[in-house]
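For reference, my_file11.txt (compact mmCIF, C-alpha atoms):
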# COMPACT_ATOMS: atom_id res chain seq x y z
CA MET A 1191 6.07 -17.88 32.98
CA ARG A 1192 3.20 -19.00 30.84
CA LYS A 1193 3.24 -18.21 27.18
CA PRO A 1194 -0.02 -16.68 26.11
CA GLU A 1195 -2.20 -18.83 23.94
CA LEU A 1196 -2.85 -16.85 20.85
CA HIS A 1197 -5.39 -17.60 18.22
CA THR A 1198 -5.86 -15.13 15.45
CA ARG A 1199 -7.60 -15.52 12.19
CA ASP A 1200 -4.44 -15.64 10.11
CA SER A 1201 -2.44 -17.89 12.41
CA ALA A 1202 -2.33 -20.56 9.73
CA VAL A 1203 -0.33 -18.30 7.42
CA PRO A 1204 2.94 -20.11 6.86
CA TYR A 1205 6.37 -18.62 7.17
CA LYS A 1206 7.10 -19.88 3.65
CA SER A 1207 4.51 -17.52 2.17
CA TYR A 1208 6.52 -14.47 3.29
CA VAL A 1209 9.84 -15.88 2.10
CA VAL A 1210 8.48 -16.76 -1.34
CA GLY A 1211 6.76 -13.39 -1.62
CA PHE A 1212 9.90 -11.54 -0.62
CA ILE A 1213 12.15 -13.40 -3.07
CA LEU A 1214 9.71 -12.94 -5.96
CA SER A 1215 9.31 -9.23 -5.17
CA VAL A 1216 13.07 -8.66 -5.10
CA LEU A 1217 13.50 -10.54 -8.37
CA THR A 1218 10.75 -8.63 -10.20
CA THR A 1219 12.07 -5.28 -8.91
CA LEU A 1220 15.60 -6.07 -10.08
CA LEU A 1221 14.29 -7.33 -13.42
CA ALA A 1222 12.39 -4.10 -14.11
CA TYR A 1223 15.39 -2.02 -13.03
CA PHE A 1224 17.75 -4.08 -15.19
CA PHE A 1225 15.56 -3.72 -18.29
CA VAL A 1226 15.25 0.04 -17.90
CA VAL A 1227 18.87 0.76 -17.04
CA ASN A 1228 20.19 -1.29 -19.96
CA ASP A 1229 17.62 0.07 -22.43
CA LEU A 1230 16.98 -3.39 -23.82
CA TRP A 1231 13.97 -2.35 -25.91
CA PRO A 1232 12.64 0.82 -27.53
CA LYS A 1233 10.87 3.12 -25.07
CA GLU A 1234 7.29 2.24 -26.03
CA THR A 1235 7.88 -1.49 -25.51
CA LEU A 1236 9.80 -0.86 -22.31
CA VAL A 1237 6.91 1.13 -20.81
CA TYR A 1238 4.53 -1.79 -21.29
CA ILE A 1239 7.08 -4.29 -19.97
CA VAL A 1240 7.65 -2.23 -16.80
CA MET A 1241 3.88 -1.92 -16.31
CA ALA A 1242 3.45 -5.66 -16.76
CA ILE A 1243 6.19 -6.38 -14.21
CA ALA A 1244 4.56 -3.96 -11.74
CA VAL A 1245 1.25 -5.80 -12.10
CA VAL A 1246 2.98 -9.15 -11.57
CA GLN A 1247 4.56 -7.79 -8.41
CA LEU A 1248 1.21 -6.41 -7.25
CA ILE A 1249 -0.28 -9.90 -7.58
CA VAL A 1250 2.71 -11.47 -5.81
CA GLN A 1251 2.45 -9.09 -2.84
CA VAL A 1252 -1.31 -9.26 -2.58
CA VAL A 1253 -1.23 -13.05 -2.56
CA PHE A 1254 1.84 -13.67 -0.40
CA PHE A 1255 1.83 -10.66 1.94
CA LEU A 1256 -1.81 -9.57 2.17
CA HIS A 1257 -3.23 -13.12 1.86
CA ILE A 1258 -6.23 -11.90 -0.05
CA GLY A 1259 -7.86 -15.31 -0.35
CA ARG A 1260 -7.99 -15.78 3.43
CA GLY A 1261 -10.55 -14.39 5.79
CA SER A 1262 -13.67 -12.57 4.78
CA ARG A 1263 -14.92 -12.86 1.23
CA TRP A 1264 -15.65 -9.13 1.39
CA LYS A 1265 -11.93 -8.48 1.46
CA LEU A 1266 -11.66 -9.87 -2.06
CA MET A 1267 -14.84 -8.14 -3.22
CA THR A 1268 -13.77 -4.68 -2.00
CA PHE A 1269 -10.34 -5.26 -3.49
CA ILE A 1270 -11.71 -6.04 -6.93
CA PHE A 1271 -14.07 -3.06 -6.72
CA THR A 1272 -11.15 -0.80 -5.80
CA ILE A 1273 -9.08 -2.06 -8.73
CA LEU A 1274 -12.02 -1.17 -10.98
CA ILE A 1275 -12.27 2.37 -9.57
CA VAL A 1276 -8.51 2.86 -9.76
CA ALA A 1277 -8.49 1.71 -13.39
CA ILE A 1278 -11.33 4.08 -14.29
CA VAL A 1279 -9.69 7.04 -12.55
CA VAL A 1280 -6.19 6.50 -13.93
CA VAL A 1281 -6.89 5.22 -17.43
CA GLY A 1282 -9.82 7.61 -17.86
CA SER A 1283 -7.79 10.64 -16.79
CA ILE A 1284 -4.93 9.84 -19.12
CA TRP A 1285 -7.28 9.14 -21.98
CA ILE A 1286 -9.36 12.30 -21.58
CA MET A 1287 -6.49 14.64 -20.79
CA ASP A 1288 -4.39 13.44 -23.72
CA ASN A 1289 -7.37 14.05 -25.95
CA LEU A 1290 -7.84 17.49 -24.46
CA ASN A 1291 -4.19 18.35 -25.02
CA TYR A 1292 -4.66 17.35 -28.58
CA ASN A 1293 -7.79 19.47 -29.01
CA MET A 1294 -6.20 22.47 -27.34
CA MET A 1295 -3.48 22.71 -29.97
CA ASP A 1296 -3.58 26.02 -31.78
CA MET A 1297 -4.98 24.92 -35.13
CA THR A 1298 -7.65 25.95 -37.56
CA PRO A 1299 -10.34 23.34 -38.28
CA GLN A 1300 -8.69 22.59 -41.62
CA GLU A 1301 -5.32 22.01 -39.98
CA GLN A 1302 -6.97 19.86 -37.38
CA GLN A 1303 -8.61 17.76 -40.08
CA GLN A 1304 -5.27 17.34 -41.75
CA TYR A 1305 -3.50 16.52 -38.48
CA MET A 1306 -6.14 13.93 -37.64
CA SER A 1307 -5.94 12.25 -41.00
CA GLU A 1308 -2.16 12.14 -40.69
CA HIS A 1309 -1.97 10.89 -37.14
CA GLU A 1310 -5.14 8.94 -36.58
CA GLY A 1311 -6.07 7.86 -40.05
CA ILE A 1312 -9.54 9.41 -39.72
CA MET B 979 -15.62 -19.69 25.17
CA ASN B 980 -18.55 -17.71 23.90
CA ARG B 981 -16.83 -14.48 24.73
CA GLU B 982 -13.76 -15.53 22.79
CA LYS B 983 -15.85 -16.25 19.75
CA GLU B 984 -17.48 -12.88 20.04
CA GLU B 985 -14.12 -11.14 20.30
CA LEU B 986 -12.92 -12.94 17.21
CA ALA B 987 -16.00 -11.80 15.31
CA VAL B 988 -15.38 -8.21 16.43
CA PHE B 989 -11.76 -8.46 15.34
CA SER B 990 -12.73 -9.82 11.97
CA ARG B 991 -15.08 -6.85 11.49
CA LYS B 992 -12.29 -4.49 12.54
CA THR B 993 -9.93 -6.09 10.04
CA LEU B 994 -12.47 -5.68 7.29
CA GLY B 995 -13.07 -2.06 8.31
CA PHE B 996 -9.36 -1.38 8.22
CA TRP B 997 -9.13 -3.12 4.89
CA VAL B 998 -11.86 -0.88 3.49
CA TYR B 999 -9.90 2.14 4.75
CA LEU B 1000 -6.84 0.85 2.88
CA MET B 1001 -8.92 0.51 -0.27
CA THR B 1002 -10.11 4.13 -0.01
CA ASP B 1003 -6.49 5.13 0.47
CA CYS B 1004 -5.81 3.25 -2.75
CA VAL B 1005 -8.30 5.52 -4.50
CA LEU B 1006 -6.56 8.58 -3.02
CA PHE B 1007 -3.26 7.38 -4.46
CA ALA B 1008 -4.96 6.58 -7.76
CA THR B 1009 -6.01 10.22 -8.14
CA LEU B 1010 -2.46 11.34 -7.37
CA PHE B 1011 -1.06 8.83 -9.88
CA ALA B 1012 -3.54 10.07 -12.49
CA THR B 1013 -2.49 13.68 -11.80
CA PHE B 1014 1.14 12.72 -12.19
CA ALA B 1015 0.47 10.81 -15.40
CA VAL B 1016 -1.41 13.75 -16.89
CA LEU B 1017 1.20 16.32 -15.87
CA ARG B 1018 4.30 14.22 -16.59
CA THR B 1019 5.21 16.26 -19.67
CA ALA B 1020 4.28 19.67 -18.20
CA THR B 1021 7.82 20.59 -17.24
CA ALA B 1022 7.50 24.31 -18.11
CA GLY B 1023 11.10 24.47 -19.28
CA GLY B 1024 12.30 22.81 -16.09
CA PRO B 1025 13.90 19.38 -15.81
CA ALA B 1026 12.11 16.19 -16.90
CA GLY B 1027 12.18 13.02 -14.82
CA SER B 1028 15.20 11.63 -16.65
CA ASP B 1029 17.25 14.70 -15.67
CA ILE B 1030 16.70 14.53 -11.94
CA PHE B 1031 16.05 10.92 -10.90
CA ASP B 1032 18.91 8.78 -9.67
CA LEU B 1033 17.74 5.23 -10.32
CA ASN B 1034 20.45 3.56 -8.23
CA PHE B 1035 19.41 5.60 -5.20
CA VAL B 1036 15.76 4.75 -5.75
CA LEU B 1037 16.55 1.06 -6.20
CA ILE B 1038 18.22 1.02 -2.78
CA GLU B 1039 15.18 2.79 -1.29
CA THR B 1040 12.91 0.19 -2.88
CA MET B 1041 14.96 -2.72 -1.55
CA ILE B 1042 14.94 -1.23 1.95
CA LEU B 1043 11.16 -0.83 1.96
CA LEU B 1044 10.68 -4.30 0.47
CA THR B 1045 12.84 -5.83 3.19
CA SER B 1046 10.92 -3.94 5.88
CA SER B 1047 7.68 -5.32 4.44
CA PHE B 1048 9.16 -8.80 4.82
CA THR B 1049 10.39 -8.25 8.37
CA VAL B 1050 7.05 -6.86 9.58
CA GLY B 1051 5.52 -10.11 8.33
CA LEU B 1052 8.09 -12.05 10.35
CA ALA B 1053 7.28 -9.93 13.42
CA LEU B 1054 3.62 -10.81 13.06
CA LEU B 1055 4.37 -14.53 12.66
CA ALA B 1056 6.56 -14.49 15.77
CA ALA B 1057 3.87 -12.63 17.71
CA GLU B 1058 1.22 -15.13 16.70
CA ARG B 1059 3.42 -17.90 18.05
CA GLY B 1060 3.84 -16.00 21.31
CA LEU B 1061 7.54 -15.30 20.80
CA ARG B 1062 7.73 -11.85 22.33
CA TYR B 1063 11.43 -11.06 21.97
CA GLN B 1064 11.67 -12.38 18.45
CA SER B 1065 8.69 -10.28 17.50
CA LEU B 1066 10.22 -7.23 19.17
CA THR B 1067 13.50 -7.73 17.33
CA TRP B 1068 11.82 -7.93 13.94
CA LEU B 1069 9.71 -4.87 14.75
CA VAL B 1070 12.75 -2.83 15.73
CA ILE B 1071 14.49 -3.90 12.51
CA THR B 1072 11.39 -2.92 10.52
CA PHE B 1073 11.30 0.44 12.28
CA ALA B 1074 14.97 1.05 11.50
CA LEU B 1075 14.47 0.15 7.83
CA GLY B 1076 11.37 2.33 7.59
CA ALA B 1077 13.16 5.26 9.22
CA THR B 1078 16.08 4.82 6.81
CA PHE B 1079 13.69 4.83 3.90
CA LEU B 1080 11.98 7.99 5.11
CA GLY B 1081 15.36 9.62 5.70
CA MET B 1082 16.45 8.80 2.15
CA GLU B 1083 13.21 10.19 0.76
CA LEU B 1084 13.62 13.42 2.72
CA TRP B 1085 17.25 13.65 1.64
CA GLU B 1086 16.17 13.30 -1.98
CA PHE B 1087 13.53 16.04 -1.55
CA ASN B 1088 16.05 18.28 0.13
CA HIS B 1089 18.55 17.60 -2.64
CA LEU B 1090 16.02 18.46 -5.37
CA ILE B 1091 14.88 21.64 -3.65
CA GLY B 1092 18.51 22.60 -3.07
CA GLU B 1093 19.16 22.28 -6.79
CA GLY B 1094 16.26 24.63 -7.44
CA HIS B 1095 13.87 21.90 -8.56
CA GLY B 1096 11.22 22.44 -5.90
CA TRP B 1097 7.49 21.87 -6.34
CA GLN B 1098 6.97 25.44 -7.52
CA GLN B 1099 9.09 25.00 -10.62
CA SER B 1100 6.67 23.05 -12.81
CA ALA B 1101 3.41 21.13 -12.77
CA PHE B 1102 5.38 17.94 -13.23
CA LEU B 1103 7.43 18.59 -10.09
CA SER B 1104 4.32 19.62 -8.12
CA SER B 1105 2.59 16.35 -8.92
CA TYR B 1106 5.79 14.43 -8.19
CA PHE B 1107 6.23 16.01 -4.77
CA VAL B 1108 2.58 15.53 -3.84
CA LEU B 1109 2.52 11.87 -4.88
CA VAL B 1110 5.82 10.83 -3.32
CA GLY B 1111 5.28 13.15 -0.33
CA THR B 1112 1.89 11.63 0.44
CA HIS B 1113 3.48 8.21 0.46
CA GLY B 1114 6.21 9.51 2.76
CA LEU B 1115 3.57 10.95 5.08
CA HIS B 1116 1.92 7.54 5.30
CA ILE B 1117 5.29 5.99 6.10
CA ALA B 1118 5.81 8.55 8.87
CA VAL B 1119 2.41 7.74 10.40
CA GLY B 1120 3.19 4.03 10.11
CA LEU B 1121 6.47 4.60 11.98
CA ILE B 1122 4.67 6.40 14.83
CA TRP B 1123 2.18 3.54 15.06
CA MET B 1124 5.03 1.03 15.04
CA ALA B 1125 6.79 2.91 17.84
CA VAL B 1126 3.63 2.66 19.93
CA VAL B 1127 3.41 -1.09 19.31
CA ILE B 1128 7.09 -1.52 20.20
CA PHE B 1129 6.72 0.41 23.48
CA ARG B 1130 3.69 -1.64 24.44
CA LEU B 1131 5.62 -4.83 23.79
CA ILE B 1132 8.53 -3.63 25.91
CA GLN B 1133 6.28 -2.58 28.79
CA ARG B 1134 4.17 -5.68 29.16
CA ASN B 1135 3.85 -9.16 27.88
CA PHE B 1136 1.51 -8.94 24.99
CA LYS B 1137 -2.08 -9.97 24.96
CA GLU B 1138 -4.13 -11.14 22.08
CA THR B 1139 -5.29 -7.58 21.41
CA ASP B 1140 -1.69 -6.51 20.86
CA VAL B 1141 -1.19 -9.23 18.29
CA ARG B 1142 -4.33 -8.10 16.52
CA ARG B 1143 -3.13 -4.51 16.44
CA LEU B 1144 0.15 -5.74 15.05
CA SER B 1145 -1.67 -7.62 12.33
CA LEU B 1146 -3.44 -4.40 11.26
CA LEU B 1147 -0.11 -2.56 11.32
CA SER B 1148 1.43 -5.21 9.09
CA LEU B 1149 -1.49 -4.85 6.65
CA PHE B 1150 -0.85 -1.10 6.54
CA TRP B 1151 2.86 -1.58 6.00
CA HIS B 1152 2.44 -4.16 3.21
CA PHE B 1153 -0.03 -1.79 1.57
CA LEU B 1154 2.49 1.07 1.63
CA ASP B 1155 5.06 -1.23 0.06
CA ILE B 1156 2.67 -2.03 -2.80
CA ILE B 1157 2.01 1.68 -3.38
CA TRP B 1158 5.76 2.26 -3.47
CA ILE B 1159 6.22 -0.47 -6.10
CA PHE B 1160 3.92 1.54 -8.34
CA ILE B 1161 5.75 4.78 -7.57
CA PHE B 1162 9.03 3.01 -8.37
CA SER B 1163 7.70 1.62 -11.66
CA PHE B 1164 5.62 4.52 -12.93
CA VAL B 1165 7.32 7.61 -11.51
CA TYR B 1166 10.95 6.57 -11.44
CA LEU B 1167 11.42 3.84 -14.05
CA ILE B 1168 8.94 5.02 -16.68
CA GLY B 1169 9.10 8.72 -15.73
CA GLY B 1170 12.89 8.53 -15.70
CA MET B 1171 13.20 7.22 -19.27
CA ALA B 1172 14.83 9.73 -21.57

Produce structure tokens that represent the structure in this file.
Amino acid sequence: MRKPELHTRDSAVPYKSYVVGFILSVLTTLLAYFFVVNDLWPKETLVYIVMAIAVVQLIVQVVFFLHIGRGSRWKLMTFIFTILIVAIVVVGSIWIMDNLNYNMMDMTPQEQQQYMSEHEGI
Amino acid sequence: MNREKEELAVFSRKTLGFWVYLMTDCVLFATLFATFAVLRTATAGGPAGSDIFDLNFVLIETMILLTSSFTVGLALLAAERGLRYQSLTWLVITFALGATFLGMELWEFNHLIGEGHGWQQSAFLSSYFVLVGTHGLHIAVGLIWMAVVIFRLIQRNFKETDVRRLSLLSLFWHFLDIIWIFIFSFVYLIGGMA
């Protein structure tokens, strides 16, 4: 029986890339879990640390599993554009809605002034 | 020779098209993440994330999905080298891991609803169920697709087109794993902090 000759675009992707990606992903996941379960820092710091670890893992997986640099340049371009849209949607929503929450509080203008000067230093 | 080149060009356009689909899916998940982030405190007297999430359980789920993302990559590598049985084995393992993951997710949903914490209890729970449920739905579709690929591999020796389909499937699966990493970090780890 003849083995089929297969040539695909990504055939040069080495085995090592998947192993390294897998090990790094497991390590970052465990690290984030460990930090949160053991409460190593105050909550505000911990939130940023977990976010940072998630971004690191995103980069690891995109590089080692999705091989973003390989193939069409458009792959990278659309990816960067998507990240931009995602950032606008998520950060923008949180920003605006938190502000709205704050403005919807049942306060007279004087109280609001006072609240703002206490909490925002305005 | 010319025809082969042409086929490769078509495939590379298909890959890009599929990639663009994945990116739009990313935007879909972004809106769901934003909804969750906005509604995370809207518990309406119901439980907050820290009351209902079992981090150990979720960690196991995460590891299972991560491993399946690895094994689908191995299946693709084996397929590209023309190793049919090795590829089949990895695919079956990936399918089993994916099915386990989906089962655990459904069990968790069932458990929450059984405790009275269904999606109708609060805005926080609604956004949680929609976000995690949409991911689960994608996993279910991915499993159906994988079953089709597996049956094709069993029935006949694969052709180049099968390998290409497998490479798109692996893209899809890696993508779902990345989405899950964000669900794990933002919904469970950060949302589960007291």

Contact residues around Asp1032 in chain B with all atoms listed in the file at 12 Å, ignoring same-chain residues under 3 positions, as an mmCIF file with C-alpha atoms, in the coordinates of the input:
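The resulting out.cif:
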data_model
loop_
_atom_site.group_PDB
_atom_site.id
_atom_site.type_symbol
_atom_site.label_atom_id
_atom_site.label_comp_id
_atom_site.auth_asym_id
_atom_site.auth_seq_id
_atom_site.Cartn_x
_atom_site.Cartn_y
_atom_site.Cartn_z
ATOM 1 C CA TYR A 1223 15.390 -2.020 -13.030
ATOM 2 C CA VAL A 1227 18.870 0.760 -17.040
ATOM 3 C CA GLY B 1027 12.180 13.020 -14.820
ATOM 4 C CA SER B 1028 15.200 11.630 -16.650
ATOM 5 C CA ASP B 1029 17.250 14.700 -15.670
ATOM 6 C CA PHE B 1035 19.410 5.600 -5.200
ATOM 7 C CA VAL B 1036 15.760 4.750 -5.750
ATOM 8 C CA LEU B 1037 16.550 1.060 -6.200
ATOM 9 C CA ILE B 1038 18.220 1.020 -2.780
ATOM 10 C CA GLU B 1039 15.180 2.790 -1.290
ATOM 11 C CA GLU B 1083 13.210 10.190 0.760
ATOM 12 C CA GLU B 1086 16.170 13.300 -1.980
ATOM 13 C CA HIS B 1089 18.550 17.600 -2.640
ATOM 14 C CA LEU B 1090 16.020 18.460 -5.370
ATOM 15 C CA PHE B 1162 9.030 3.010 -8.370
ATOM 16 C CA VAL B 1165 7.320 7.610 -11.510
ATOM 17 C CA TYR B 1166 10.950 6.570 -11.440
ATOM 18 C CA LEU B 1167 11.420 3.840 -14.050
ATOM 19 C CA GLY B 1169 9.100 8.720 -15.730
ATOM 20 C CA GLY B 1170 12.890 8.530 -15.700
ATOM 21 C CA MET B 1171 13.200 7.220 -19.270
#

Next item on the list: Name the closest residue to chain B among the candidates A:Val1246, A:Val1237, A:Leu1274, A:Ile1258; distances are taken between atoms, counting all atoms listed in the file.
Entry: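 Checking each of A:Val1246, A:Val1237, A:Leu1274, A:Ile1258 against chain B, counting all atoms listed in the file, the winner is A:Val1237.
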
Next item on the list: Using all atoms listed in the file, find which residues of chain B lie within 7 Å of chain A and jot them down as a list in words.
Entry: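 So the contacting residues turn out to be Leu994, Trp997, Val998, Met1001, Val1005, Ala1008, Thr1009, Phe1011, Ala1012, Ala1015, Val1016, Phe1048, Gly1051, Glu1058, Arg1059, Gly1060, Glu1138, Leu1149, His1152, Ile1156, Ile1159, Phe1160, Ser1163, Leu1167 and Ile1168 of chain B.
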
Notebook entry, point to check: What does the distance between CA of Ser1046 in chain B and CA of Trp1151 in chain B come to in Å, to one decimal place?
Noted result: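 Computing the Euclidean distance for CA of Ser1046 in chain B and CA of Trp1151 in chain B yields 8.4 Å.
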
Checklist line | Length of the CA of Trp1158 in chain B to CA of His1113 in chain B vector [Å] | finding: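 Distance reported for this atom pair: 7.5 Å.
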